[in-house]
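A short write-up of the structure that comes next.
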Number of protein chains: 2
Amino acid sequence: MRSAVHDLLGEVGYQRCTVDAIAARAGVGKAALYRRWKSKAELVFAAVVHDDALPAPADTGTLRGDVAEVLAAIQSALDGPRVRSALPGLLADAQADPALVARFGELFLAREREYLVEMLDRAIARGELARQPDLIAVHAMLLGSVFAWLHLLSEPVPPGGFAASLATSLHAAVVVLGK
Amino acid sequence: MRSAVHDLLGEVGYQRCTVDAIAARAGVGKAALYRRWKSKAELVFAAVVHDDALPAPADTGTLRGDVAEVLAAIQSALDGPRVRSALPGLLADAQADPALVARFGELFLAREREYLVEMLDRAIARGELARQPDLIAVHAMLLGSVFAWLHLLSEPVPPGGFAASLATSLHAAVVVLGK
DNA sequence: GATATACGGAACTATCGGTCTCGTAAACTG
DNA sequence: CAGTTTACGAGACCGATAGTTCCGTATATC
């Protein structure tokens, strides 16, 4: 089931990954799919944003390292071949499906924000930050930078983990916000 | 024509802004639309990304001010009610339309990058930066932060220009990249 | 073993992007 | 002024696809 969606996303992308094709590939009837999921968008979303979609970034001991870790986690969540081909379509379909927006917020954004809060709390405890920075701004910068790189600019990702320079400069950005 | 697309985008969003509806609203036949534009995506794109879509940011005399200016320009380009409802759909459709990706790159990304280069050159001339920072990283951070704020996190935009704290911290990020 | 539930499969409906045809009105030509 | 050509509005038409319904069957439950 999930693998049927994964395969089709990789082979033909989101638009041509039709519900009929998913059902045929998975050897089930369309009705069964629509019994469990409300729409194609929900179905693909469920197959792509599984529980371990966003790995928990480790505590590296420094804010600089933690920022790099979070960036890598976001990259791994946004850069899989499946997600990469599914994300634009899902975002578009989500416009007409508030429930999907809510689930995306709960399953991905909220969890990501938790990780950010933990990271910032640790930095404050270490004395690297004086206070909690504007959480929305931090979230927008970290998530947005990776998203833009992968999905807007469509630039090739440099080898060796996500751009070290990006981590360095975003670390500086967070420090300024927590001053 | 352009106003028909604008009206419909505002009223019903991208998905339900059908070509039939555009033709009817504009009082023309569908064939006439397809004579000028190759697809619905191209048509909407042309109506939304007009030439003055990305205002040229002014030289404020400091890199800090210029970053705020660029952020404001990006916000104005990404936050109009039309663009806001059209962008996800256009990004999704563009996946299957390389020509559209190319035009988006030329009309928006390339122009934006020009502005960034000018901004960075001025900063170097002033001695605020020692060298050209990684342009892709700068571009990803500035564009991505605004995009994520508006289209991913769907947080309300704070009043009084685009988040001053975002400008401050992204300024610091750029400084680090140009060190 | 009888009954109820769920399923695979397929037919069906509605919507929408894109193409094609037609009749008409405007523009051009002699 | 008359004949011809061109472009257009209108709408019929086609193919693809999301979503629904129905049916015969297999599986699970009692």
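We label chains A, B, ... in the order they appear in the structure tokens, count residues from 1 in each chain, and number ligands from 1 in the order shown.
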Could you list, as a ChimeraX atom specification, the residues of chain B having an atom within 9 Å of chain C when counting only C-alpha atoms (C1' of nucleotides)?
/B:18-20,31,34,39-40
Show me which bits of chain B are within 7 Å of chain A, counting only C-alpha atoms, as a PyMOL selection string.
chain B and resi 88-89+91-92+137+140-141+143-145+147-149+165-166+169-170+172-174+176-177
Which residues of chain B are close to chain D, meaning at most 10 Å apart when you count only C-alpha atoms (C1' of nucleotides), and how do they look as a ChimeraX atom specification?
/B:23-24,27-32
Report as a ChimeraX atom specification: the residues of chain B with a DSSP assignment of helix (DSSP H, G or I), based on the backbone of this structure.
/B:2-12,19-26,30-36,40-48,51-53,63-79,81-94,98-126,135-152,164-177
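Counting from CA of Arg25 (chain A), the distance to CA of Ala4 (chain A) is 5.7 Å.
Of note, CA of Leu8 (chain A) and CA of Asp97 (chain A) are spaced 22.6 Å apart.
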Work out how far CA of Lys179 (chain A) is from CA of Arg131 (chain A), in Å to one decimal.
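According to the coordinates, CA of Arg131 (chain A) and CA of Lys179 (chain A) are separated by 6.6 Å.
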